[in-house]
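> Have a peek at my_file38.pdb (PDB, C-alpha atoms and all ligand atoms).
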```
ATOM      1  CA  MET A 118      -5.252   4.712 -15.066
ATOM      2  CA  PRO A 119      -2.949   1.677 -14.710
ATOM      3  CA  SER A 120      -2.997  -0.306 -11.511
ATOM      4  CA  LYS A 121      -1.275  -3.324 -10.015
ATOM      5  CA  LYS A 122      -2.389  -5.597  -7.218
ATOM      6  CA  TYR A 123      -0.093  -7.307  -4.701
ATOM      7  CA  HIS A 124      -0.804 -10.183  -2.324
ATOM      8  CA  CYS A 125       0.859 -10.486   1.061
ATOM      9  CA  ASP A 126       2.127 -14.026   0.497
ATOM     10  CA  ASP A 127       4.086 -13.277  -2.650
ATOM     11  CA  LYS A 128       7.568 -11.826  -3.031
ATOM     12  CA  TYR A 129       8.042  -8.822  -5.261
ATOM     13  CA  ASP A 130      11.117  -6.849  -6.209
ATOM     14  CA  GLU A 131       9.440  -3.447  -5.950
ATOM     15  CA  VAL A 132       7.058  -3.998  -3.011
ATOM     16  CA  ASP A 133       7.489  -5.394   0.493
ATOM     17  CA  ILE A 134       4.425  -6.322   2.516
ATOM     18  CA  HIS A 135       5.046  -7.292   6.128
ATOM     19  CA  GLY A 136       2.264  -7.593   8.685
ATOM     20  CA  ASN A 137       0.414  -4.288   8.734
ATOM     21  CA  ASN A 138       3.159  -2.400   6.875
ATOM     22  CA  ALA A 139       3.960  -2.175   3.190
ATOM     23  CA  ALA A 140       6.729  -0.356   1.316
ATOM     24  CA  PHE A 141       6.042   0.728  -2.246
ATOM     25  CA  LEU A 142       8.220   2.055  -5.016
ATOM     26  CA  CYS A 143       6.360   4.786  -6.886
ATOM     27  CA  PRO A 144       5.989   3.658 -10.522
ATOM     28  CA  VAL A 145       5.595   7.173 -11.919
ATOM     29  CA  GLU A 146       8.288   8.120 -14.426
ATOM     30  CA  ASN A 147      11.021  10.361 -12.933
ATOM     31  CA  CYS A 148       9.704   9.788  -9.394
ATOM     32  CA  GLY A 149      10.881   6.469  -7.958
ATOM     33  CA  LYS A 150      10.111   7.476  -4.372
ATOM     34  CA  VAL A 151       9.903   4.679  -1.807
ATOM     35  CA  PHE A 152       7.113   5.194   0.704
ATOM     36  CA  ILE A 153       5.576   3.220   3.522
ATOM     37  CA  VAL A 154       1.900   2.647   4.121
ATOM     38  CA  ASN A 155       0.343   0.895   7.088
ATOM     39  CA  THR A 156      -3.057  -0.002   8.419
ATOM     40  CA  THR A 157      -2.548   1.676  11.799
ATOM     41  CA  SER A 158      -3.026   5.237  10.515
ATOM     42  CA  MET A 159      -6.506   6.677  10.637
ATOM     43  CA  ASP A 160      -6.424   7.145   6.908
ATOM     44  CA  PHE A 161      -4.886   3.751   6.212
ATOM     45  CA  SER A 162      -7.247   2.951   3.395
ATOM     46  CA  SER A 163      -5.226   4.921   0.886
ATOM     47  CA  LYS A 164      -2.084   7.043   0.623
ATOM     48  CA  LYS A 165      -0.659   9.101  -2.212
ATOM     49  CA  CYS A 166       3.008   9.169  -3.123
ATOM     50  CA  PRO A 167       4.468  11.916  -0.859
ATOM     51  CA  LYS A 168       6.820  13.098  -3.629
ATOM     52  CA  CYS A 169       4.768  13.342  -6.825
ATOM     53  CA  GLY A 170       1.206  12.696  -5.604
ATOM     54  CA  LYS A 171       0.448  10.849  -8.846
ATOM     55  CA  SER A 172       0.266   7.334  -7.459
ATOM     56  CA  ARG A 173      -1.989   6.029  -4.733
ATOM     57  CA  VAL A 174      -1.796   2.856  -2.650
ATOM     58  CA  THR A 175      -4.951   1.292  -1.222
ATOM     59  CA  LEU A 176      -4.702  -1.424   1.420
ATOM     60  CA  LEU A 177      -7.093  -4.246   2.090
ATOM     61  CA  PRO A 178      -6.516  -5.319   5.714
ATOM     62  CA  LYS A 179      -7.811  -8.368   7.479
ATOM     63  CA  GLU A 180     -10.565  -7.597   9.984
ATOM     64  CA  SER A 181      -9.259  -7.601  13.550
ATOM     65  CA  LYS A 182     -10.963  -9.474  16.380
ATOM     66  CA  LYS A 183     -12.145  -6.199  17.868
ATOM     67  CA  GLY A 184     -13.964  -5.460  14.656
ATOM     68  CA  GLY A 185     -12.858  -3.013  12.037
ATOM     69  CA  ALA A 186      -9.773  -3.336   9.959
ATOM     70  CA  GLN A 187      -7.541  -0.651  11.487
ATOM     71  CA  GLY A 188      -4.175  -2.149  12.394
ATOM     72  CA  GLY A 189      -5.030  -5.412  10.673
ATOM     73  CA  LYS A 190      -2.604  -7.521   8.693
ATOM     74  CA  ILE A 191      -2.494  -6.547   5.037
ATOM     75  CA  LEU A 192      -4.050  -9.134   2.756
ATOM     76  CA  GLU A 193      -3.813  -7.226  -0.453
ATOM     77  CA  ALA A 194      -2.498  -3.871  -1.651
ATOM     78  CA  THR A 195      -3.245  -2.038  -4.864
ATOM     79  CA  ILE A 196      -1.306   0.806  -6.454
ATOM     80  CA  GLU A 197      -2.780   3.063  -9.117
ATOM     81  CA  TRP A 198      -0.969   5.816 -10.965
ATOM     82  CA  ASP A 199      -1.442   8.399 -13.692
TER      83      ASP A 199
HETATM   84 ZN    ZN B 201       5.744   9.344  -6.899
END
```
Is it possible to give me this structure as structure tokens?


Amino acid sequence: MPSKKYHCDDKYDEVDIHGNNAAFLCPVENCGKVFIVNTTSMDFSSKKCPKCGKSRVTLLPKESKKGGAQGGKILEATIEWD
């Protein structure tokens, strides 16, 4: 399964990471869906492409002061696909 890792400080053509939100372009052939993931959802740790379900984004958020990473700024995001 191929995967690609993105860091919050870098600029990418196909991914935008801003604070606790990230927009991804699904890399699966014939899909190309853009979808948003964020760390404020209860299931923030990973989200499948809502169109094809064949790619999955996993976020690595910074720990917040309150403890736990929910709502934290995204440090790194990984997308895997079939
Ligand atoms: Zn897709």

> Sorted by chain and rising residue number, list the residues of chain A at most 9 Å from ligand ZN 201 (chain B) (counting only C-alpha atoms and all ligand atoms), each with its closest atom pair and distance in Å to one decimal, as a Markdown table.


```
| residue | atom | partner | partner_atom | distance |
| --- | --- | --- | --- | --- |
| A:Leu142 | CA | B:ZN201 | ZN | 7.9 |
| A:Cys143 | CA | B:ZN201 | ZN | 4.6 |
| A:Pro144 | CA | B:ZN201 | ZN | 6.7 |
| A:Val145 | CA | B:ZN201 | ZN | 5.5 |
| A:Glu146 | CA | B:ZN201 | ZN | 8.0 |
| A:Asn147 | CA | B:ZN201 | ZN | 8.1 |
| A:Cys148 | CA | B:ZN201 | ZN | 4.7 |
| A:Gly149 | CA | B:ZN201 | ZN | 6.0 |
| A:Lys150 | CA | B:ZN201 | ZN | 5.4 |
| A:Val151 | CA | B:ZN201 | ZN | 8.1 |
| A:Phe152 | CA | B:ZN201 | ZN | 8.8 |
| A:Lys165 | CA | B:ZN201 | ZN | 7.9 |
| A:Cys166 | CA | B:ZN201 | ZN | 4.7 |
| A:Pro167 | CA | B:ZN201 | ZN | 6.7 |
| A:Lys168 | CA | B:ZN201 | ZN | 5.1 |
| A:Cys169 | CA | B:ZN201 | ZN | 4.1 |
| A:Gly170 | CA | B:ZN201 | ZN | 5.8 |
| A:Lys171 | CA | B:ZN201 | ZN | 5.8 |
| A:Ser172 | CA | B:ZN201 | ZN | 5.9 |
| A:Arg173 | CA | B:ZN201 | ZN | 8.7 |
| A:Trp198 | CA | B:ZN201 | ZN | 8.6 |
```

> Would you please work out which residue, of A:Ile153, A:Cys125, A:Met118, A:Val132, is nearest to Glu193 in chain A when using only C-alpha atoms?

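Among the listed residues, the smallest separation from Glu193 in chain A belongs to A:Cys125.
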
> Taking the file as I've supplied it (selection: the PyMOL selection byres (((chain A and resi 123) around 6) and not hetatm)), which residues are included? Please answer as JSON, numbers by chain.

{"A": [122, 124, 193, 194]}

> Identify which of the residues A:Val154, A:Glu197, A:Lys128, A:His135 lies closest to Leu176 in chain A, counting only C-alpha atoms when measuring atom-to-atom distances.

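Smallest distance to Leu176 in chain A is found for A:Val154.
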
> Please, what distance in Å, to one decimal, runs between CA of Glu131 in chain A and CA of Gln187 in chain A?

24.5 Å

> Expanded to explicit residues, what is the PyMOL selection byres (((chain A and resi 178) around 9) and not hetatm) for this file, as an MDAnalysis selection string?

chainID A and resid 137 156 162 176:177 179:181 186:194

> A:Val174, A:Asp199, A:Asp126, A:Thr157: which is nearest Ala140 in chain A, counting only C-alpha atoms?

A:Val174

> Between A:Asn138, A:Gly185, A:Asp127, A:Ile196, single out the one closest to Lys164 in chain A, counting all atoms listed in the file.

A:Ile196
